[in-house]
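Colleague: Okay, so here is start_12.cif, and as you'll see once you scroll down, it has mmCIF, C-alpha atoms.
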```cif
data_data
#
loop_
_atom_site.group_PDB
_atom_site.id
_atom_site.type_symbol
_atom_site.label_atom_id
_atom_site.label_comp_id
_atom_site.auth_asym_id
_atom_site.auth_seq_id
_atom_site.Cartn_x
_atom_site.Cartn_y
_atom_site.Cartn_z
ATOM 1 C CA MET W 187 39.208 -88.358 -118.947
ATOM 2 C CA ALA W 188 42.135 -87.347 -121.114
ATOM 3 C CA HIS W 189 42.912 -91.014 -121.657
ATOM 4 C CA ILE W 190 39.361 -91.795 -122.848
ATOM 5 C CA GLY W 191 39.465 -88.801 -125.149
ATOM 6 C CA PHE W 192 42.667 -90.031 -126.756
ATOM 7 C CA LYS W 193 41.128 -93.459 -127.334
ATOM 8 C CA SER W 194 38.112 -92.026 -129.061
ATOM 9 C CA ILE W 195 40.354 -89.969 -131.329
ATOM 10 C CA ILE W 196 42.146 -93.141 -132.397
ATOM 11 C CA VAL W 197 38.790 -94.862 -133.078
ATOM 12 C CA THR W 198 37.551 -91.872 -135.082
ATOM 13 C CA ALA W 199 40.755 -91.782 -137.135
ATOM 14 C CA ALA W 200 40.516 -95.511 -137.815
ATOM 15 C CA LEU W 201 36.893 -95.146 -138.929
ATOM 16 C CA ALA W 202 37.754 -92.266 -141.233
ATOM 17 C CA GLY W 203 40.537 -94.357 -142.725
ATOM 18 C CA CYS W 204 38.160 -97.238 -143.408
ATOM 19 C CA MET W 205 35.597 -94.948 -144.996
ATOM 20 C CA ALA W 206 38.205 -93.366 -147.268
ATOM 21 C CA ALA W 207 39.403 -96.806 -148.338
ATOM 22 C CA GLY W 208 35.776 -97.782 -149.027
ATOM 23 C CA ALA W 209 35.206 -94.704 -151.166
ATOM 24 C CA ILE W 210 38.306 -95.416 -153.267
ATOM 25 C CA HIS W 211 37.206 -99.005 -153.694
ATOM 26 C CA ALA W 212 33.711 -97.903 -154.805
ATOM 27 C CA ALA W 213 35.185 -95.482 -157.351
ATOM 28 C CA GLN W 214 37.230 -98.286 -158.911
ATOM 29 C CA GLU W 215 34.168 -100.471 -159.395
ATOM 30 C CA ASP W 216 32.092 -99.772 -162.480
ATOM 31 C CA VAL W 217 29.484 -102.331 -161.530
ATOM 32 C CA LYS W 218 27.991 -102.768 -158.092
ATOM 33 C CA VAL W 219 28.119 -106.387 -157.084
ATOM 34 C CA ASN W 220 26.436 -107.669 -153.989
ATOM 35 C CA HIS W 221 28.409 -110.642 -152.803
ATOM 36 C CA THR W 222 26.323 -113.009 -150.797
ATOM 37 C CA SER W 223 26.896 -112.978 -147.054
ATOM 38 C CA LEU W 224 25.610 -116.562 -146.894
ATOM 39 C CA LYS W 225 28.289 -119.161 -146.324
ATOM 40 C CA SER W 226 28.656 -122.877 -145.785
ATOM 41 C CA GLY W 227 26.951 -123.894 -142.558
ATOM 42 C CA ASP W 228 24.212 -121.244 -142.825
ATOM 43 C CA MET W 229 20.574 -122.245 -143.259
ATOM 44 C CA ALA W 230 19.422 -121.608 -146.819
ATOM 45 C CA PRO W 231 16.604 -119.027 -146.754
ATOM 46 C CA ASP W 232 13.348 -120.693 -147.812
ATOM 47 C CA PHE W 233 11.569 -119.485 -150.935
ATOM 48 C CA THR W 234 8.563 -120.151 -153.130
ATOM 49 C CA LEU W 235 9.028 -119.514 -156.850
ATOM 50 C CA LEU W 236 7.224 -120.430 -160.062
ATOM 51 C CA ASP W 237 8.969 -122.939 -162.284
ATOM 52 C CA ASN W 238 8.853 -122.882 -166.085
ATOM 53 C CA HIS W 239 5.499 -124.694 -165.999
ATOM 54 C CA TRP W 240 3.975 -122.130 -163.598
ATOM 55 C CA LYS W 241 4.147 -124.625 -160.742
ATOM 56 C CA GLN W 242 5.122 -123.361 -157.296
ATOM 57 C CA ILE W 243 8.390 -124.746 -155.973
ATOM 58 C CA HIS W 244 9.034 -124.488 -152.232
ATOM 59 C CA LEU W 245 12.624 -125.046 -151.171
ATOM 60 C CA SER W 246 11.353 -126.421 -147.844
ATOM 61 C CA ASP W 247 9.584 -129.303 -149.665
ATOM 62 C CA TYR W 248 13.010 -130.855 -150.292
ATOM 63 C CA ARG W 249 14.024 -130.813 -146.634
ATOM 64 C CA GLY W 250 14.863 -134.356 -145.534
ATOM 65 C CA LYS W 251 14.486 -135.638 -149.097
ATOM 66 C CA LYS W 252 16.994 -134.216 -151.570
ATOM 67 C CA ASN W 253 20.104 -132.092 -151.718
ATOM 68 C CA VAL W 254 19.330 -128.999 -153.760
ATOM 69 C CA VAL W 255 21.687 -127.201 -156.122
ATOM 70 C CA LEU W 256 20.598 -123.599 -156.679
ATOM 71 C CA ALA W 257 22.217 -122.221 -159.822
ATOM 72 C CA PHE W 258 21.458 -118.513 -160.151
ATOM 73 C CA TYR W 259 21.997 -117.343 -163.730
ATOM 74 C CA VAL W 260 21.812 -113.902 -165.261
ATOM 75 C CA LEU W 261 19.289 -114.131 -168.085
ATOM 76 C CA ALA W 262 17.664 -116.772 -170.254
ATOM 77 C CA PHE W 263 18.868 -116.946 -173.869
ATOM 78 C CA THR W 264 22.316 -115.663 -172.925
ATOM 79 C CA GLU W 265 25.410 -117.694 -172.194
ATOM 80 C CA GLY W 266 23.979 -118.233 -168.725
ATOM 81 C CA MET T 67 23.308 -133.797 -164.514
ATOM 82 C CA ALA T 68 22.821 -137.555 -164.402
ATOM 83 C CA LYS T 69 25.754 -137.547 -161.995
ATOM 84 C CA LEU T 70 23.816 -135.224 -159.697
ATOM 85 C CA GLU T 71 20.731 -137.434 -159.703
ATOM 86 C CA GLU T 72 22.933 -140.296 -158.534
ATOM 87 C CA THR T 73 23.796 -138.227 -155.459
ATOM 88 C CA ASP T 74 20.129 -137.830 -154.502
ATOM 89 C CA SER T 75 20.131 -134.182 -155.522
ATOM 90 C CA VAL T 76 17.944 -131.894 -157.577
ATOM 91 C CA VAL T 77 18.971 -128.800 -159.515
ATOM 92 C CA PHE T 78 17.083 -125.548 -159.904
ATOM 93 C CA GLY T 79 18.158 -122.775 -162.222
ATOM 94 C CA ILE T 80 16.978 -119.374 -160.975
ATOM 95 C CA SER T 81 16.806 -116.050 -162.828
ATOM 96 C CA ILE T 82 14.608 -112.985 -163.116
ATOM 97 C CA ASP T 83 13.028 -114.231 -166.360
ATOM 98 C CA SER T 84 9.308 -115.019 -166.582
ATOM 99 C CA PRO T 85 8.132 -118.662 -166.468
ATOM 100 C CA ALA T 86 7.228 -118.348 -170.159
ATOM 101 C CA ALA T 87 10.711 -117.143 -171.127
ATOM 102 C CA ASN T 88 12.331 -119.779 -168.926
ATOM 103 C CA ASN T 89 10.236 -122.504 -170.531
ATOM 104 C CA ALA T 90 11.246 -121.427 -174.018
ATOM 105 C CA PHE T 91 14.863 -121.286 -172.833
ATOM 106 C CA ALA T 92 14.589 -124.757 -171.238
ATOM 107 C CA GLU T 93 13.237 -126.200 -174.499
ATOM 108 C CA LYS T 94 15.923 -124.479 -176.534
ATOM 109 C CA ILE T 95 18.857 -125.731 -174.495
ATOM 110 C CA GLY T 96 17.185 -129.011 -173.549
ATOM 111 C CA VAL T 97 17.496 -128.790 -169.767
ATOM 112 C CA LYS T 98 15.411 -131.235 -167.783
ATOM 113 C CA PHE T 99 15.615 -129.523 -164.407
ATOM 114 C CA PRO T 100 13.188 -126.720 -163.456
ATOM 115 C CA LEU T 101 14.046 -123.095 -164.140
ATOM 116 C CA LEU T 102 12.572 -120.833 -161.469
ATOM 117 C CA SER T 103 11.406 -117.250 -161.931
ATOM 118 C CA ASP T 104 12.425 -114.690 -159.364
ATOM 119 C CA MET T 105 10.617 -111.914 -161.189
ATOM 120 C CA ASN T 106 10.348 -109.595 -158.181
ATOM 121 C CA ARG T 107 13.985 -110.293 -157.196
ATOM 122 C CA LYS T 108 12.855 -111.314 -153.728
ATOM 123 C CA VAL T 109 15.082 -114.378 -153.548
ATOM 124 C CA LEU T 110 18.030 -112.568 -155.147
ATOM 125 C CA LYS T 111 17.765 -109.957 -152.414
ATOM 126 C CA GLU T 112 17.369 -112.558 -149.702
ATOM 127 C CA TYR T 113 20.434 -114.444 -150.932
ATOM 128 C CA GLY T 114 22.268 -111.130 -151.369
ATOM 129 C CA ILE T 115 23.341 -111.638 -154.962
ATOM 130 C CA LEU T 116 21.821 -108.779 -156.923
ATOM 131 C CA LYS T 117 24.315 -107.302 -159.360
ATOM 132 C CA MET T 118 24.018 -104.009 -161.184
ATOM 133 C CA TYR T 119 24.537 -104.392 -164.926
ATOM 134 C CA ASN T 120 25.093 -101.344 -167.093
ATOM 135 C CA VAL T 121 23.419 -101.693 -170.482
ATOM 136 C CA GLN T 122 23.510 -98.681 -172.805
ATOM 137 C CA LYS T 123 23.917 -96.357 -169.828
ATOM 138 C CA GLU T 124 20.890 -97.747 -168.022
ATOM 139 C CA GLU T 125 21.314 -99.821 -164.878
ATOM 140 C CA TYR T 126 19.597 -103.148 -164.332
ATOM 141 C CA ASP T 127 19.584 -105.451 -161.300
ATOM 142 C CA TRP T 128 20.073 -109.077 -162.218
ATOM 143 C CA ALA T 129 21.711 -112.007 -160.495
ATOM 144 C CA GLN T 130 25.376 -112.349 -159.765
ATOM 145 C CA ARG T 131 26.035 -115.874 -161.099
ATOM 146 C CA THR T 132 26.244 -117.957 -157.959
ATOM 147 C CA THR T 133 25.728 -121.628 -157.208
ATOM 148 C CA PHE T 134 24.618 -122.803 -153.773
ATOM 149 C CA VAL T 135 24.516 -126.412 -152.664
ATOM 150 C CA VAL T 136 21.926 -127.017 -149.927
ATOM 151 C CA ASP T 137 21.911 -130.348 -148.101
ATOM 152 C CA LYS T 138 18.864 -132.295 -146.923
ATOM 153 C CA LYS T 139 18.830 -130.439 -143.621
ATOM 154 C CA GLY T 140 18.509 -127.133 -145.456
ATOM 155 C CA VAL T 141 22.099 -126.191 -144.622
ATOM 156 C CA ILE T 142 24.308 -124.538 -147.237
ATOM 157 C CA GLN T 143 27.296 -126.761 -148.053
ATOM 158 C CA SER T 144 28.905 -124.698 -150.780
ATOM 159 C CA VAL T 145 28.741 -121.189 -152.217
ATOM 160 C CA GLU T 146 30.490 -120.501 -155.503
ATOM 161 C CA GLU T 147 30.444 -117.342 -157.580
ATOM 162 C CA GLU T 148 30.960 -117.902 -161.270
ATOM 163 C CA ALA T 149 32.718 -115.530 -163.628
ATOM 164 C CA SER T 150 31.083 -116.902 -166.764
ATOM 165 C CA ALA T 151 28.465 -119.555 -167.483
ATOM 166 C CA ILE T 152 27.522 -121.821 -164.601
ATOM 167 C CA ASN T 153 29.777 -124.834 -164.266
ATOM 168 C CA PRO T 154 28.178 -127.730 -162.395
ATOM 169 C CA ASN T 155 31.394 -129.649 -161.667
ATOM 170 C CA ASN T 156 31.942 -128.242 -158.207
ATOM 171 C CA ALA T 157 28.289 -128.791 -157.238
ATOM 172 C CA VAL T 158 28.555 -132.393 -158.410
ATOM 173 C CA ALA T 159 31.703 -132.851 -156.337
ATOM 174 C CA VAL T 160 30.031 -131.383 -153.232
ATOM 175 C CA CYS T 161 26.865 -133.476 -153.637
ATOM 176 C CA THR T 162 28.908 -136.637 -154.141
ATOM 177 C CA LYS T 163 30.458 -136.130 -150.706
ATOM 178 C CA LEU T 164 27.119 -135.566 -148.937
ATOM 179 C CA PRO T 165 25.558 -138.518 -147.103
ATOM 180 C CA LYS T 166 23.092 -140.500 -149.189
ATOM 181 C CA LYS T 167 20.452 -140.640 -146.477
#
```
Spit out the file's structure as structure tokens when you get a sec.
Modeller:
Amino acid sequence: MAHIGFKSIIVTAALAGCMAAGAIHAAQEDVKVNHTSLKSGDMAPDFTLLDNHWKQIHLSDYRGKKNVVLAFYVLAFTEG
Amino acid sequence: MAKLEETDSVVFGISIDSPAANNAFAEKIGVKFPLLSDMNRKVLKEYGILKMYNVQKEEYDWAQRTTFVVDKKGVIQSVEEEASAINPNNAVAVCTKLPKK
């Protein structure tokens, strides 16, 4: 029992350490950026969006036909 | 962009702008590929690339500039975050390596 208790103390200490490091990191950031968790080899989530002529574009329509480059930009009429 | 067409690829620009704004933008900068509107930020959330921008002490959620290359099987081949304006060179390089058929 004593052994298990010691282990859990180590785990708790490690967790607290991680959380403190996270808090410091957050304080240093003035903008919150979500970095994508998608990576090479993952399936691209499907979507349906309106293009600039109000036509629906389904990502899945290009399956088996074309490679698709998705370039996410911040805002129109800015430097992109 | 002609280089990309040679690799059997299409390009979509995606932002939170309306279709009307994107169309005006497309005409202004002369892009031929479609600009897609993610007005409700659904796709940005799904792809996990919302970024908080601070403008005059108000916070806004827009896209973190990121370029994904998706192959014909729907599999992501490349993910690249961009510090400034989107640069297509890497996407062209990735698409060039992908099988033609």
Colleague: Enumerate, in order of chain and increasing residue number, the residues of chain T with an atom no farther than 6 Å from chain W, each with its shortest atom pair and distance in Å to one decimal, counting only C-alpha atoms, as CSV.
Modeller:
```
residue,atom,partner,partner_atom,distance
T:Asp74,CA,W:Lys252,CA,5.6
T:Ser75,CA,W:Asn253,CA,4.3
T:Val76,CA,W:Val254,CA,5.0
T:Val77,CA,W:Val255,CA,4.6
T:Phe78,CA,W:Leu256,CA,5.2
T:Gly79,CA,W:Ala257,CA,4.7
T:Ile80,CA,W:Phe258,CA,4.6
T:Ser81,CA,W:Tyr259,CA,5.4
T:Pro85,CA,W:Asn238,CA,4.3
T:Asn88,CA,W:Asn238,CA,5.5
T:Asn89,CA,W:Asn238,CA,4.7
T:Phe91,CA,W:Ala262,CA,5.9
T:Pro100,CA,W:Asp237,CA,5.8
T:Leu101,CA,W:Asp237,CA,5.4
T:Leu102,CA,W:Asp237,CA,4.3
T:Ser103,CA,W:Leu236,CA,5.6
T:Gly114,CA,W:Thr222,CA,4.5
T:Ile115,CA,W:Asn220,CA,5.1
T:Leu116,CA,W:Asn220,CA,5.6
T:Lys117,CA,W:Val219,CA,4.5
T:Met118,CA,W:Lys218,CA,5.2
T:Trp128,CA,W:Val260,CA,6.0
T:Ala129,CA,W:Val260,CA,5.1
T:Arg131,CA,W:Tyr259,CA,5.0
T:Thr132,CA,W:Phe258,CA,5.3
T:Thr133,CA,W:Ala257,CA,4.4
T:Phe134,CA,W:Leu256,CA,5.0
T:Val135,CA,W:Val255,CA,4.5
T:Val136,CA,W:Val254,CA,5.0
T:Asp137,CA,W:Asn253,CA,4.4
T:Lys138,CA,W:Gly250,CA,4.7
T:Lys139,CA,W:Arg249,CA,5.7
T:Gly140,CA,W:Met229,CA,5.7
T:Val141,CA,W:Met229,CA,4.4
T:Ile142,CA,W:Ser226,CA,4.9
T:Gln143,CA,W:Ser226,CA,4.7
T:Ser144,CA,W:Ser226,CA,5.3
T:Ala151,CA,W:Gly266,CA,4.8
```
Colleague: Residues around (22.3, -139.9, -152.0), cut-off 8 Å, counting only C-alpha atoms - what are they as a PDB file with C-alpha atoms, keeping the file's coordinate frame?
Modeller:
```pdb
ATOM      1  CA  LYS W 252      16.994-134.216-151.570  1.00  0.00           C
TER       2      LYS W 252
ATOM      3  CA  GLU T  72      22.933-140.296-158.534  1.00  0.00           C
ATOM      4  CA  THR T  73      23.796-138.227-155.459  1.00  0.00           C
ATOM      5  CA  ASP T  74      20.129-137.830-154.502  1.00  0.00           C
ATOM      6  CA  SER T  75      20.131-134.182-155.522  1.00  0.00           C
ATOM      7  CA  THR T 162      28.908-136.637-154.141  1.00  0.00           C
ATOM      8  CA  LEU T 164      27.119-135.566-148.937  1.00  0.00           C
ATOM      9  CA  PRO T 165      25.558-138.518-147.103  1.00  0.00           C
ATOM     10  CA  LYS T 166      23.092-140.500-149.189  1.00  0.00           C
ATOM     11  CA  LYS T 167      20.452-140.640-146.477  1.00  0.00           C
TER      12      LYS T 167
END
```
Colleague: For a test of reading the model, state the distance in Å between CA of Asn106 in chain T and CA of Ala86 in chain T, rounded to one decimal.
Modeller: 15.2 Å
Colleague: Report, in Å to a single decimal, how far apart CA of Asn120 in chain T and CA of Ala149 in chain T are.
Modeller: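 Computing it gives 16.5 Å between the two atoms.
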Colleague: Around all listed atoms of range 236-239 of chain W, padded 4 Å per side, what centre and edge lengths does the axis-aligned box have in Å to one decimal, as AutoDock Vina command-line options?
Modeller:
```
--center_x 7.2 --center_y -122.6 --center_z -163.1 --size_x 11.5 --size_y 12.3 --size_z 14.0
```
Colleague: One decimal, in Å: what's the spacing between CA of Val121 in chain T and CA of Asp104 in chain T?
Modeller: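 Calculated distance between CA of Val121 in chain T and CA of Asp104 in chain T is 20.3 Å.
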Colleague: Taking the point (26.2, -131.2, -164.2) as given in the file, collect each protein or nucleic acid residue that comes within 9 Å of it, counting only C-alpha atoms, and present the set as number ranges by chain.
Modeller: T: 67-70, 77, 153-158
